[in-house]
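Engineer: Next up, protein.cif (mmCIF, C-alpha atoms and all ligand atoms).
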```cif
data_input
#
loop_
_atom_site.label_atom_id
_atom_site.label_comp_id
_atom_site.auth_asym_id
_atom_site.auth_seq_id
_atom_site.Cartn_x
_atom_site.Cartn_y
_atom_site.Cartn_z
CA MET E 19 -47.84 12.71 131.35
CA PHE E 20 -48.64 12.92 135.04
CA SER E 21 -45.95 10.29 135.58
CA ASP E 22 -43.36 12.88 134.52
CA LEU E 23 -44.40 15.30 137.25
CA ALA E 24 -41.73 15.88 139.88
CA ALA E 25 -43.00 15.78 143.46
CA PRO E 26 -43.78 19.32 144.67
CA LYS E 27 -42.09 20.68 147.76
CA ALA E 28 -44.09 19.70 150.85
CA ASP E 29 -45.29 22.39 153.28
CA PRO E 30 -42.75 22.21 156.12
CA ILE E 31 -45.49 22.71 158.73
CA LEU E 32 -48.14 20.37 157.34
CA GLY E 33 -45.48 17.71 156.70
CA LEU E 34 -44.93 17.37 160.45
CA THR E 35 -48.28 15.63 160.93
CA LYS E 36 -47.00 12.35 159.49
CA LEU E 37 -43.76 12.39 161.48
CA PHE E 38 -45.83 12.84 164.64
CA ALA E 39 -48.28 10.07 163.70
CA ASP E 40 -45.34 7.71 163.05
CA ASP E 41 -43.80 8.37 166.49
CA THR E 42 -44.90 5.43 168.67
CA SER E 43 -43.78 6.89 172.01
CA PRO E 44 -46.64 7.32 174.52
CA ASP E 45 -44.89 10.50 175.71
CA LYS E 46 -44.79 12.26 172.33
CA VAL E 47 -45.59 15.97 172.32
CA ASP E 48 -46.86 17.81 169.24
CA LEU E 49 -45.63 21.42 169.08
CA GLY E 50 -46.01 21.53 165.29
CA ILE E 51 -49.00 22.94 163.40
CA GLY E 52 -50.58 26.05 164.90
CA VAL E 53 -53.85 24.92 166.41
CA TYR E 54 -54.92 25.77 169.94
CA LYS E 55 -55.05 22.75 172.24
CA ASP E 56 -56.60 22.67 175.69
CA GLU E 57 -54.92 21.33 178.85
CA ALA E 58 -55.94 17.79 177.79
CA GLY E 59 -54.35 18.21 174.35
CA GLU E 60 -57.71 18.36 172.55
CA VAL E 61 -58.80 20.82 169.85
CA PRO E 62 -62.45 21.11 170.92
CA VAL E 63 -65.40 22.85 169.28
CA LEU E 64 -66.22 25.95 171.37
CA ALA E 65 -69.47 25.77 173.37
CA THR E 66 -70.66 29.03 171.78
CA VAL E 67 -70.02 27.56 168.31
CA LYS E 68 -72.02 24.44 169.24
CA ALA E 69 -74.88 26.64 170.46
CA ALA E 70 -74.86 28.69 167.26
CA GLU E 71 -74.72 25.53 165.14
CA ARG E 72 -77.81 24.17 166.94
CA TRP E 73 -79.57 27.48 166.32
CA LEU E 74 -78.54 27.40 162.67
CA ALA E 75 -79.75 23.83 162.16
CA GLU E 76 -83.14 24.77 163.65
CA THR E 77 -83.70 28.08 161.90
CA GLN E 78 -81.99 27.87 158.50
CA THR E 79 -84.69 27.55 155.86
CA SER E 80 -82.63 27.76 152.68
CA LYS E 81 -79.15 27.21 151.37
CA ARG E 82 -79.62 29.31 148.27
CA TYR E 83 -76.63 31.34 147.12
CA LEU E 84 -75.80 34.52 149.00
CA SER E 85 -73.31 36.66 147.10
CA SER E 86 -69.59 36.87 146.45
CA ALA E 87 -69.41 39.18 149.48
CA GLY E 88 -70.86 36.45 151.72
CA ASN E 89 -72.90 37.05 154.87
CA ASP E 90 -73.66 40.77 155.45
CA ALA E 91 -74.15 40.38 159.21
CA PHE E 92 -70.79 38.60 159.44
CA ASN E 93 -69.07 41.33 157.43
CA SER E 94 -70.52 44.07 159.60
CA ALA E 95 -69.67 42.19 162.83
CA THR E 96 -66.10 41.78 161.56
CA ARG E 97 -65.69 45.54 161.08
CA ALA E 98 -67.15 46.14 164.55
CA LEU E 99 -64.66 43.69 166.06
CA LEU E 100 -61.73 45.26 164.22
CA PHE E 101 -62.52 48.94 164.83
CA GLY E 102 -65.44 49.24 167.24
CA ALA E 103 -69.01 49.79 165.96
CA GLY E 104 -69.73 53.31 164.73
CA THR E 105 -66.10 54.49 164.72
CA ASP E 106 -64.69 56.43 161.79
CA ALA E 107 -62.79 53.36 160.53
CA PHE E 108 -65.96 51.26 160.86
CA THR E 109 -67.89 53.77 158.76
CA ARG E 110 -65.30 54.11 155.99
CA SER E 111 -64.48 50.40 155.65
CA ARG E 112 -66.01 47.47 153.76
CA THR E 113 -65.59 43.74 154.36
CA VAL E 114 -65.86 40.70 152.12
CA GLN E 115 -66.14 37.23 153.62
CA ALA E 116 -63.45 34.79 152.46
CA PRO E 117 -62.56 31.11 152.93
CA GLY E 118 -60.26 31.50 155.94
CA GLY E 119 -57.51 34.00 156.53
CA THR E 120 -55.72 32.32 153.63
CA GLY E 121 -58.58 33.13 151.25
CA ALA E 122 -58.66 36.69 152.55
CA LEU E 123 -54.91 37.03 151.98
CA ARG E 124 -55.17 35.71 148.43
CA LEU E 125 -58.14 37.93 147.58
CA GLY E 126 -56.29 40.90 149.07
CA MET E 127 -53.17 40.12 147.06
CA ASP E 128 -55.20 39.92 143.85
CA PHE E 129 -56.66 43.30 144.82
CA LEU E 130 -53.14 44.74 145.26
CA ARG E 131 -52.54 44.29 141.55
CA VAL E 132 -55.56 46.52 140.96
CA ALA E 133 -54.91 49.02 143.77
CA ARG E 134 -51.10 49.24 143.55
CA PRO E 135 -50.15 48.07 140.03
CA GLY E 136 -46.43 47.55 139.66
CA GLY E 137 -45.94 47.87 143.40
CA ARG E 138 -43.73 45.59 145.48
CA VAL E 139 -44.85 43.80 148.62
CA PHE E 140 -42.45 44.13 151.56
CA VAL E 141 -42.57 40.93 153.66
CA PRO E 142 -40.98 40.38 157.09
CA THR E 143 -38.15 37.89 157.63
CA PRO E 144 -39.15 35.50 159.04
CA THR E 145 -42.84 35.15 158.20
CA TRP E 146 -45.58 32.53 157.83
CA THR E 147 -44.47 30.02 155.17
CA ASN E 148 -47.64 30.46 153.13
CA HIS E 149 -47.16 34.21 152.54
CA GLY E 150 -44.51 33.59 149.88
CA HIS E 151 -46.66 31.00 148.06
CA LEU E 152 -49.73 33.22 148.10
CA LEU E 153 -47.83 36.27 146.85
CA ALA E 154 -46.21 34.23 144.09
CA ALA E 155 -49.60 32.80 143.06
CA ALA E 156 -51.04 36.33 142.92
CA GLY E 157 -48.07 37.51 140.82
CA CYS E 158 -46.78 40.00 143.40
CA GLU E 159 -43.15 41.05 143.55
CA ILE E 160 -41.66 40.33 146.99
CA VAL E 161 -39.07 42.39 148.90
CA HIS E 162 -37.91 40.92 152.23
CA TYR E 163 -37.37 43.22 155.20
CA PRO E 164 -35.56 42.28 158.44
CA TYR E 165 -37.98 41.78 161.33
CA TYR E 166 -36.74 39.39 164.00
CA ASP E 167 -33.33 38.19 165.15
CA VAL E 168 -33.52 34.48 165.97
CA ALA E 169 -30.11 34.61 167.69
CA THR E 170 -31.04 37.30 170.25
CA GLY E 171 -34.81 36.84 170.43
CA ASN E 172 -35.38 40.54 169.70
CA LEU E 173 -37.06 42.51 166.96
CA ARG E 174 -34.61 43.94 164.42
CA PHE E 175 -36.52 47.16 164.74
CA ASP E 176 -33.88 49.67 163.59
CA GLU E 177 -32.97 47.55 160.56
CA MET E 178 -36.64 47.17 159.76
CA MET E 179 -37.20 50.94 159.88
CA GLU E 180 -34.14 51.44 157.67
CA ALA E 181 -35.55 48.98 155.10
CA LEU E 182 -38.98 50.63 155.23
CA ARG E 183 -37.39 53.90 154.15
CA GLY E 184 -37.24 52.24 150.70
CA LEU E 185 -41.05 52.09 150.45
CA THR E 186 -42.74 54.21 147.79
CA GLU E 187 -46.40 55.11 147.33
CA LYS E 188 -46.72 52.20 144.87
CA ASP E 189 -45.59 49.64 147.44
CA VAL E 190 -47.30 47.49 150.05
CA LEU E 191 -46.11 46.61 153.55
CA LEU E 192 -47.21 43.21 154.87
CA LEU E 193 -47.51 43.24 158.68
CA HIS E 194 -48.71 40.72 161.27
CA GLY E 195 -51.36 42.54 163.34
CA CYS E 196 -50.47 40.63 166.53
CA CYS E 197 -48.85 37.35 167.63
CA HIS E 198 -46.32 37.34 164.78
CA ASN E 199 -45.99 33.89 163.21
CA PRO E 200 -43.41 32.35 163.75
CA SER E 201 -41.71 34.54 166.39
CA GLY E 202 -44.48 35.78 168.70
CA ALA E 203 -42.65 39.13 168.75
CA ASP E 204 -44.76 42.21 167.99
CA PRO E 205 -43.85 45.91 167.90
CA ASP E 206 -44.89 47.81 171.05
CA ALA E 207 -47.18 50.87 170.89
CA GLU E 208 -44.21 53.14 170.10
CA GLY E 209 -43.12 50.74 167.37
CA TRP E 210 -46.54 50.76 165.73
CA LYS E 211 -46.51 54.55 165.85
CA ALA E 212 -43.16 54.65 164.08
CA ILE E 213 -44.41 52.18 161.45
CA ALA E 214 -47.53 54.29 160.87
CA GLU E 215 -45.36 57.41 160.47
CA THR E 216 -43.15 55.68 157.88
CA LEU E 217 -46.25 54.62 155.97
CA GLU E 218 -47.65 58.14 156.21
CA ARG E 219 -44.44 59.59 154.76
CA SER E 220 -44.06 57.06 151.95
CA GLY E 221 -47.72 56.65 151.00
CA ALA E 222 -47.23 52.86 150.93
CA LEU E 223 -50.25 50.67 151.70
CA PRO E 224 -50.31 48.54 154.86
CA PHE E 225 -51.64 45.00 154.38
CA VAL E 226 -52.24 43.47 157.80
CA ASP E 227 -52.52 39.72 158.37
CA LEU E 228 -54.59 39.33 161.55
CA ALA E 229 -54.91 35.61 162.26
CA TYR E 230 -54.65 35.66 166.08
CA LEU E 231 -56.89 38.51 167.26
CA GLY E 232 -57.56 37.98 170.98
CA PHE E 233 -54.66 35.56 171.54
CA ALA E 234 -52.09 38.08 172.88
CA GLU E 235 -53.56 40.45 175.48
CA GLY E 236 -57.26 40.78 174.61
CA LEU E 237 -59.62 41.64 171.76
CA GLU E 238 -59.33 45.40 172.18
CA GLU E 239 -55.61 45.39 172.97
CA ASP E 240 -54.77 43.15 170.00
CA ALA E 241 -56.76 45.38 167.63
CA HIS E 242 -54.49 48.32 168.52
CA SER E 243 -52.33 47.86 165.40
CA VAL E 244 -55.18 47.96 162.88
CA ARG E 245 -57.01 50.72 164.76
CA LEU E 246 -53.92 52.92 164.83
CA LEU E 247 -53.15 52.34 161.15
CA ALA E 248 -56.76 53.09 160.16
CA GLN E 249 -56.69 56.24 162.26
CA ARG E 250 -53.40 57.53 160.90
CA LEU E 251 -53.56 56.45 157.27
CA PRO E 252 -55.99 56.97 154.41
CA GLU E 253 -56.01 53.33 153.29
CA VAL E 254 -55.47 49.96 154.99
CA VAL E 255 -56.12 46.36 153.90
CA ILE E 256 -56.75 43.70 156.57
CA ALA E 257 -56.97 39.93 156.10
CA SER E 258 -58.46 38.47 159.26
CA SER E 259 -59.15 34.89 160.29
CA TYR E 260 -61.60 33.25 162.70
CA SER E 261 -59.80 29.90 162.50
CA LYS E 262 -58.06 30.37 165.84
CA ASN E 263 -60.22 32.69 167.94
CA PHE E 264 -63.39 30.69 167.11
CA ALA E 265 -61.52 27.36 166.66
CA LEU E 266 -63.32 27.00 163.31
CA TYR E 267 -60.22 25.85 161.42
CA ARG E 268 -61.75 23.45 158.91
CA ASP E 269 -64.88 25.50 158.32
CA ARG E 270 -62.75 28.20 156.62
CA VAL E 271 -63.88 31.52 158.02
CA GLY E 272 -62.01 34.71 157.20
CA ALA E 273 -62.58 38.23 155.96
CA LEU E 274 -60.92 40.87 153.83
CA THR E 275 -61.51 44.40 155.06
CA ILE E 276 -60.65 47.48 153.03
CA VAL E 277 -60.41 50.83 154.78
CA GLY E 278 -60.63 53.71 152.30
CA THR E 279 -60.33 57.45 152.65
CA ASN E 280 -64.12 57.61 152.73
CA ALA E 281 -67.11 55.29 152.31
CA ALA E 282 -67.43 56.06 148.59
CA ASP E 283 -63.80 55.03 147.95
CA SER E 284 -64.32 51.82 149.92
CA ASP E 285 -67.45 51.06 147.90
CA ARG E 286 -65.35 51.46 144.75
CA ALA E 287 -62.72 49.07 146.14
CA HIS E 288 -65.43 46.65 147.27
CA ALA E 289 -66.86 46.59 143.74
CA HIS E 290 -63.42 45.47 142.49
CA LEU E 291 -63.31 42.65 145.03
CA MET E 292 -66.46 41.06 143.63
CA PRO E 293 -65.07 39.92 140.24
CA LEU E 294 -61.82 38.88 141.94
CA ALA E 295 -63.74 36.69 144.42
CA ARG E 296 -65.88 35.27 141.60
CA ALA E 297 -62.75 34.15 139.77
CA LEU E 298 -61.34 32.52 142.94
CA TRP E 299 -64.32 30.77 144.61
CA SER E 300 -67.45 32.50 143.36
CA MET E 301 -69.05 32.52 146.84
CA PRO E 302 -67.39 31.82 150.19
CA PRO E 303 -68.56 28.85 152.33
CA ASP E 304 -71.45 29.95 154.55
CA HIS E 305 -71.61 27.71 157.60
CA GLY E 306 -68.78 29.05 159.75
CA ALA E 307 -69.48 32.68 158.91
CA ALA E 308 -73.18 32.23 159.80
CA VAL E 309 -72.06 30.77 163.14
CA VAL E 310 -69.68 33.66 163.85
CA ALA E 311 -72.32 36.23 162.85
CA HIS E 312 -74.87 34.68 165.20
CA VAL E 313 -72.45 34.53 168.14
CA LEU E 314 -71.28 38.12 167.66
CA GLN E 315 -74.84 39.46 167.24
CA ASP E 316 -76.26 37.67 170.30
CA LYS E 317 -75.26 39.58 173.45
CA ALA E 318 -75.17 36.54 175.74
CA LEU E 319 -73.37 34.29 173.25
CA ALA E 320 -70.89 37.08 172.45
CA ALA E 321 -70.06 37.45 176.14
CA ASP E 322 -69.64 33.66 176.46
CA TRP E 323 -67.35 33.62 173.42
CA ARG E 324 -65.19 36.38 174.92
CA ARG E 325 -64.85 34.19 178.01
CA GLU E 326 -63.92 31.13 175.95
CA LEU E 327 -61.36 33.22 174.06
CA ALA E 328 -59.95 34.60 177.32
CA GLU E 329 -59.60 31.04 178.59
CA MET E 330 -57.56 30.05 175.52
CA ARG E 331 -55.40 33.17 175.81
CA THR E 332 -54.81 32.74 179.53
CA ARG E 333 -53.82 29.11 179.14
CA ILE E 334 -51.33 29.96 176.38
CA ASN E 335 -49.79 32.74 178.48
CA THR E 336 -49.68 30.45 181.53
CA VAL E 337 -47.87 27.58 179.78
CA ARG E 338 -45.56 30.10 178.10
CA ALA E 339 -44.58 31.46 181.53
CA ALA E 340 -44.12 27.90 182.84
CA LEU E 341 -41.87 27.07 179.87
CA VAL E 342 -39.69 30.11 180.57
CA LYS E 343 -39.53 29.22 184.27
CA HIS E 344 -38.45 25.63 183.59
CA LEU E 345 -35.86 26.81 181.04
CA ALA E 346 -34.19 29.06 183.62
CA GLY E 347 -31.09 26.85 184.07
CA ALA E 348 -30.60 26.14 180.35
CA PRO E 349 -27.27 26.87 178.60
CA ARG E 350 -29.04 29.67 176.74
CA ASP E 351 -31.08 32.51 178.26
CA TYR E 352 -34.66 31.93 177.13
CA ALA E 353 -36.20 34.84 179.07
CA PHE E 354 -37.06 36.53 175.75
CA LEU E 355 -39.82 33.94 175.20
CA GLY E 356 -41.69 35.43 178.15
CA HIS E 357 -42.07 38.78 176.36
CA GLN E 358 -43.60 37.22 173.27
CA ARG E 359 -47.25 36.39 172.67
CA GLY E 360 -49.54 34.03 170.84
CA MET E 361 -49.11 30.37 170.05
CA PHE E 362 -45.58 30.42 168.71
CA ALA E 363 -42.10 30.51 170.16
CA LEU E 364 -39.07 30.50 167.87
CA LEU E 365 -36.46 28.75 170.03
CA GLY E 366 -33.40 29.40 167.87
CA LEU E 367 -32.28 25.74 167.91
CA SER E 368 -30.15 24.17 165.19
CA PRO E 369 -31.69 21.60 162.78
CA ASP E 370 -29.62 18.95 164.62
CA ALA E 371 -31.14 19.98 167.93
CA VAL E 372 -34.66 19.85 166.46
CA ARG E 373 -34.00 16.36 165.09
CA THR E 374 -32.61 15.17 168.44
CA LEU E 375 -35.65 16.60 170.21
CA ARG E 376 -37.90 14.63 167.89
CA GLU E 377 -35.95 11.36 167.75
CA GLU E 378 -34.74 11.10 171.34
CA HIS E 379 -37.23 13.17 173.33
CA HIS E 380 -40.36 12.76 171.12
CA VAL E 381 -40.91 16.52 171.10
CA HIS E 382 -42.03 17.61 167.62
CA MET E 383 -41.71 21.12 166.17
CA THR E 384 -40.86 22.66 162.79
CA GLY E 385 -37.30 22.39 161.44
CA THR E 386 -36.88 26.11 162.12
CA SER E 387 -37.44 25.33 165.86
CA ARG E 388 -40.83 27.01 165.98
CA ALA E 389 -42.77 25.51 168.88
CA ASN E 390 -46.55 25.75 169.24
CA VAL E 391 -46.77 26.73 172.91
CA ALA E 392 -50.43 25.61 172.97
CA GLY E 393 -49.19 22.01 172.63
CA LEU E 394 -47.75 22.32 176.16
CA ASN E 395 -49.64 21.66 179.37
CA MET E 396 -48.81 21.58 183.06
CA ALA E 397 -48.12 17.83 182.82
CA ASN E 398 -45.55 17.99 179.98
CA VAL E 399 -44.01 21.48 180.15
CA GLU E 400 -41.20 20.63 182.56
CA ARG E 401 -40.15 17.55 180.59
CA VAL E 402 -40.22 19.53 177.32
CA ALA E 403 -38.19 22.37 178.90
CA THR E 404 -35.59 19.87 180.17
CA ALA E 405 -35.38 18.33 176.69
CA ILE E 406 -34.98 21.75 175.04
CA ALA E 407 -32.28 22.71 177.55
CA SER E 408 -30.43 19.45 176.85
CA VAL E 409 -30.18 20.15 173.09
CA SER E 410 -29.52 23.90 173.32
CA ASP E 411 -25.77 23.41 172.69
CA LEU E 412 -26.15 21.19 169.61
N1 LIG E 501 -51.92 34.09 158.63
C1 LIG E 501 -51.15 33.54 159.56
C2 LIG E 501 -50.00 34.34 160.11
C3 LIG E 501 -51.41 32.27 160.05
O1 LIG E 501 -50.63 31.75 160.98
C4 LIG E 501 -52.50 31.56 159.53
C5 LIG E 501 -52.69 30.22 160.04
O2 LIG E 501 -53.45 29.48 160.13
C6 LIG E 501 -53.30 32.17 158.55
C7 LIG E 501 -52.96 33.44 158.13
C8 LIG E 501 -54.46 31.57 157.87
O3 LIG E 501 -55.40 30.99 158.61
P1 LIG E 501 -56.67 30.27 158.00
O4 LIG E 501 -56.58 30.31 156.52
O5 LIG E 501 -56.61 28.87 158.51
O6 LIG E 501 -57.82 31.04 158.51
O1 LIG E 502 -48.50 28.33 160.98
C1 LIG E 502 -49.30 27.46 161.32
O2 LIG E 502 -48.96 26.44 161.89
C2 LIG E 502 -50.79 27.70 161.10
C3 LIG E 502 -51.50 26.58 160.38
O3 LIG E 502 -50.04 25.63 155.02
C4 LIG E 502 -51.09 26.35 158.95
O4 LIG E 502 -50.92 28.92 160.48
C5 LIG E 502 -49.79 26.04 158.60
C6 LIG E 502 -49.43 25.79 157.28
C7 LIG E 502 -50.38 25.86 156.30
C8 LIG E 502 -51.70 26.17 156.64
C9 LIG E 502 -52.04 26.43 157.97
#
```
Give the structure from this file in structure tokens form.
Ligand code: PLP
Ligand code: TYF
Structural biologist:
Amino acid sequence: MFSDLAAPKADPILGLTKLFADDTSPDKVDLGIGVYKDEAGEVPVLATVKAAERWLAETQTSKRYLSSAGNDAFNSATRALLFGAGTDAFTRSRTVQAPGGTGALRLGMDFLRVARPGGRVFVPTPTWTNHGHLLAAAGCEIVHYPYYDVATGNLRFDEMMEALRGLTEKDVLLLHGCCHNPSGADPDAEGWKAIAETLERSGALPFVDLAYLGFAEGLEEDAHSVRLLAQRLPEVVIASSYSKNFALYRDRVGALTIVGTNAADSDRAHAHLMPLARALWSMPPDHGAAVVAHVLQDKALAADWRRELAEMRTRINTVRAALVKHLAGAPRDYAFLGHQRGMFALLGLSPDAVRTLREEHHVHMTGTSRANVAGLNMANVERVATAIASVSDL
């Protein structure tokens, strides 16, 4: 009977929404779920998306099925964004549209069972909460590797490299392409080189989750990780998302890109993705991908989108710097936050401190003390910093 079903464990990030809604303080600040907010605290539709949606409404003549691979123009534009049009990696890769980065991750994990049967998936600690659920659902065996030290605010780079020495050619290494969630700490160029060398030696397959392209330093800069891996290694799998950089969250726009040794190998891999996608969702939702394809194909709209993306990135980096500045006198040195990128900052606060922040200061973040920096603005950042400083000893 359904009545016998025990309540499932709630998602610790999504569960925050209700706590925030129930907080009646006019000063409450939401640093919970990872959505970009503007200076006014809104999550607006981008102007370029609105323009493309108007175009789509005017010109779309049919909603007949496309295919399990989705929109071809979108898939090609995705490869161009990842690698640069006409590059070697562009030529020897194939993309399948998926419902969000999450869909791309799940499709990619199903593909791992085909491409690396019996292999283990090495996952960073910490990582995005959904990675574990997705890997379990796809039946993948998980091995955790050390990535980030919450106590010091630094990468655990040497320990990570030591753990990666255990990789074999059957295994898979899950990496965050930029703006690591939840820490915001990414390897530098030297670090990526060392990771690529380890993968080269072991023959393990890199599986890159790229959900924040353009949110760290820029579109080209943030693609460095996937470009380097594709250049150095025969095979790479990339799950990318347009939820953040196009603010298309609910429209579910993502892509799975397979880089093979050559185009023929990638075609073979692509053929395997089709039945896997059919068993998951048959065809991906079209609207958001059609919008992204139109924006990226139209020179003027593409330039406008790059400006809108730069505005989001600049605001995040500006409020991050302001947070660090206002935390300068805190009992703990928070300077490390200034070296990290993207929407998230892992503050290293105790669960007690997080609860006090929520109950007494009306500042909401995950129980792990991950703060969405994009929830800050010039009007609230000093108050939030003061509140964080006041609970740093708890
Ligand atoms: N990967 C990471 C690291 C994320 O933070 C997210 C968050 O939204 C996703 C993947 C998936 O994004 P979506 O499925 O909303 O496109
Ligand atoms: O980490 C975040 O906040 C975003 C959004 O189950 C998100 O990636 C969080 C949890 C989830 C789905 C999306």
Engineer: Calculate how many Å separate CA of Thr96 in chain E from CA of Val271 in chain E, rounding to one decimal.
Structural biologist: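 Interatomic distance here is 11.1 Å.
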Engineer: Taking only residues of chain E that have an atom at most 10 Å from an atom of ligand LIG 501 (chain E), what is each one's shortest atom pair and its distance in Å to one decimal, using only C-alpha atoms and all ligand atoms, in chain and number order, as JSON lines?
Structural biologist:
```
{"residue": "E:Ile51", "atom": "CA", "partner": "E:LIG501", "partner_atom": "O2", "distance": 8.6}
{"residue": "E:Gly52", "atom": "CA", "partner": "E:LIG501", "partner_atom": "O2", "distance": 6.5}
{"residue": "E:Val53", "atom": "CA", "partner": "E:LIG501", "partner_atom": "O2", "distance": 7.8}
{"residue": "E:Ala116", "atom": "CA", "partner": "E:LIG501", "partner_atom": "O6", "distance": 9.1}
{"residue": "E:Pro117", "atom": "CA", "partner": "E:LIG501", "partner_atom": "O4", "distance": 7.0}
{"residue": "E:Gly118", "atom": "CA", "partner": "E:LIG501", "partner_atom": "O6", "distance": 3.6}
{"residue": "E:Gly119", "atom": "CA", "partner": "E:LIG501", "partner_atom": "O6", "distance": 3.6}
{"residue": "E:Thr120", "atom": "CA", "partner": "E:LIG501", "partner_atom": "O4", "distance": 3.6}
{"residue": "E:Gly121", "atom": "CA", "partner": "E:LIG501", "partner_atom": "O4", "distance": 6.3}
{"residue": "E:Ala122", "atom": "CA", "partner": "E:LIG501", "partner_atom": "O4", "distance": 7.8}
{"residue": "E:Leu123", "atom": "CA", "partner": "E:LIG501", "partner_atom": "C7", "distance": 7.4}
{"residue": "E:Arg124", "atom": "CA", "partner": "E:LIG501", "partner_atom": "O4", "distance": 9.8}
{"residue": "E:Thr145", "atom": "CA", "partner": "E:LIG501", "partner_atom": "C2", "distance": 7.5}
{"residue": "E:Trp146", "atom": "CA", "partner": "E:LIG501", "partner_atom": "C2", "distance": 5.3}
{"residue": "E:Thr147", "atom": "CA", "partner": "E:LIG501", "partner_atom": "C2", "distance": 8.6}
{"residue": "E:Asn148", "atom": "CA", "partner": "E:LIG501", "partner_atom": "N1", "distance": 7.9}
{"residue": "E:His149", "atom": "CA", "partner": "E:LIG501", "partner_atom": "N1", "distance": 7.7}
{"residue": "E:Leu193", "atom": "CA", "partner": "E:LIG501", "partner_atom": "C2", "distance": 9.4}
{"residue": "E:His194", "atom": "CA", "partner": "E:LIG501", "partner_atom": "C2", "distance": 6.6}
{"residue": "E:Gly195", "atom": "CA", "partner": "E:LIG501", "partner_atom": "C2", "distance": 8.9}
{"residue": "E:Cys196", "atom": "CA", "partner": "E:LIG501", "partner_atom": "C2", "distance": 9.0}
{"residue": "E:Cys197", "atom": "CA", "partner": "E:LIG501", "partner_atom": "C2", "distance": 8.2}
{"residue": "E:His198", "atom": "CA", "partner": "E:LIG501", "partner_atom": "C2", "distance": 6.7}
{"residue": "E:Asn199", "atom": "CA", "partner": "E:LIG501", "partner_atom": "C2", "distance": 5.1}
{"residue": "E:Pro200", "atom": "CA", "partner": "E:LIG501", "partner_atom": "O1", "distance": 7.8}
{"residue": "E:Val226", "atom": "CA", "partner": "E:LIG501", "partner_atom": "N1", "distance": 9.4}
{"residue": "E:Asp227", "atom": "CA", "partner": "E:LIG501", "partner_atom": "N1", "distance": 5.7}
{"residue": "E:Leu228", "atom": "CA", "partner": "E:LIG501", "partner_atom": "N1", "distance": 6.6}
{"residue": "E:Ala229", "atom": "CA", "partner": "E:LIG501", "partner_atom": "N1", "distance": 4.9}
{"residue": "E:Tyr230", "atom": "CA", "partner": "E:LIG501", "partner_atom": "O1", "distance": 7.6}
{"residue": "E:Ala257", "atom": "CA", "partner": "E:LIG501", "partner_atom": "C7", "distance": 7.9}
{"residue": "E:Ser258", "atom": "CA", "partner": "E:LIG501", "partner_atom": "O6", "distance": 7.5}
{"residue": "E:Ser259", "atom": "CA", "partner": "E:LIG501", "partner_atom": "O6", "distance": 4.4}
{"residue": "E:Tyr260", "atom": "CA", "partner": "E:LIG501", "partner_atom": "O6", "distance": 6.1}
{"residue": "E:Ser261", "atom": "CA", "partner": "E:LIG501", "partner_atom": "O6", "distance": 4.6}
{"residue": "E:Lys262", "atom": "CA", "partner": "E:LIG501", "partner_atom": "O6", "distance": 7.4}
{"residue": "E:Asn263", "atom": "CA", "partner": "E:LIG501", "partner_atom": "O6", "distance": 9.9}
{"residue": "E:Ala265", "atom": "CA", "partner": "E:LIG501", "partner_atom": "O5", "distance": 9.6}
{"residue": "E:Leu266", "atom": "CA", "partner": "E:LIG501", "partner_atom": "O6", "distance": 8.3}
{"residue": "E:Tyr267", "atom": "CA", "partner": "E:LIG501", "partner_atom": "O5", "distance": 5.5}
{"residue": "E:Arg268", "atom": "CA", "partner": "E:LIG501", "partner_atom": "O5", "distance": 7.5}
{"residue": "E:Asp269", "atom": "CA", "partner": "E:LIG501", "partner_atom": "O5", "distance": 8.9}
{"residue": "E:Arg270", "atom": "CA", "partner": "E:LIG501", "partner_atom": "O6", "distance": 6.0}
{"residue": "E:Val271", "atom": "CA", "partner": "E:LIG501", "partner_atom": "O6", "distance": 6.1}
{"residue": "E:Gly272", "atom": "CA", "partner": "E:LIG501", "partner_atom": "O6", "distance": 5.7}
{"residue": "E:Ala273", "atom": "CA", "partner": "E:LIG501", "partner_atom": "O6", "distance": 9.0}
{"residue": "E:Met361", "atom": "CA", "partner": "E:LIG501", "partner_atom": "O1", "distance": 9.3}
{"residue": "E:Phe362", "atom": "CA", "partner": "E:LIG501", "partner_atom": "O1", "distance": 9.3}
```
Engineer: Might you pull out every residue within 8 Å of Pro349 in chain E, with all atoms listed in the file counted and same-chain residues fewer than 4 positions away left off, and present them as an mmCIF file with C-alpha atoms, keeping the file's coordinate frame?
Structural biologist:
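Contents of out_5.cif, as written:
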```cif
data_model
loop_
_atom_site.group_PDB
_atom_site.id
_atom_site.type_symbol
_atom_site.label_atom_id
_atom_site.label_comp_id
_atom_site.auth_asym_id
_atom_site.auth_seq_id
_atom_site.Cartn_x
_atom_site.Cartn_y
_atom_site.Cartn_z
ATOM 1 C CA ALA E 407 -32.280 22.710 177.550
ATOM 2 C CA SER E 410 -29.520 23.900 173.320
ATOM 3 C CA ASP E 411 -25.770 23.410 172.690
#
```
Engineer: Can you pull out the residues contacting range 175-181 of chain E? Cut-off 7 Å, using only C-alpha atoms, and skip same-chain residues under 4 positions away; I want them as a PyMOL selection string.
Structural biologist: chain E and resi 163-165
Engineer: I'd like the interatomic distance between atom C2 of ligand LIG 502 (chain E) and CA of Ala392 in chain E, to a tenth of an Å.
Structural biologist: 12.1 Å
Engineer: Near range 83-86 of chain E, counting all atoms listed in the file, which residues have an atom at most 7 Å away, once you skip same-chain residues fewer than 6 positions from it, shown as a list in words?
Structural biologist: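 That gives Met292, Ala295, Arg296, Ser300, Met301 and Pro302 of chain E.
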Engineer: Every residue with an atom at most 9 Å from (-51.1, 45.7, 154.0) (file coordinates; all atoms listed in the file) is what I'm after, so could you write them as a ChimeraX atom specification?
Structural biologist: /E:126,139,190-193,222-227,254-257
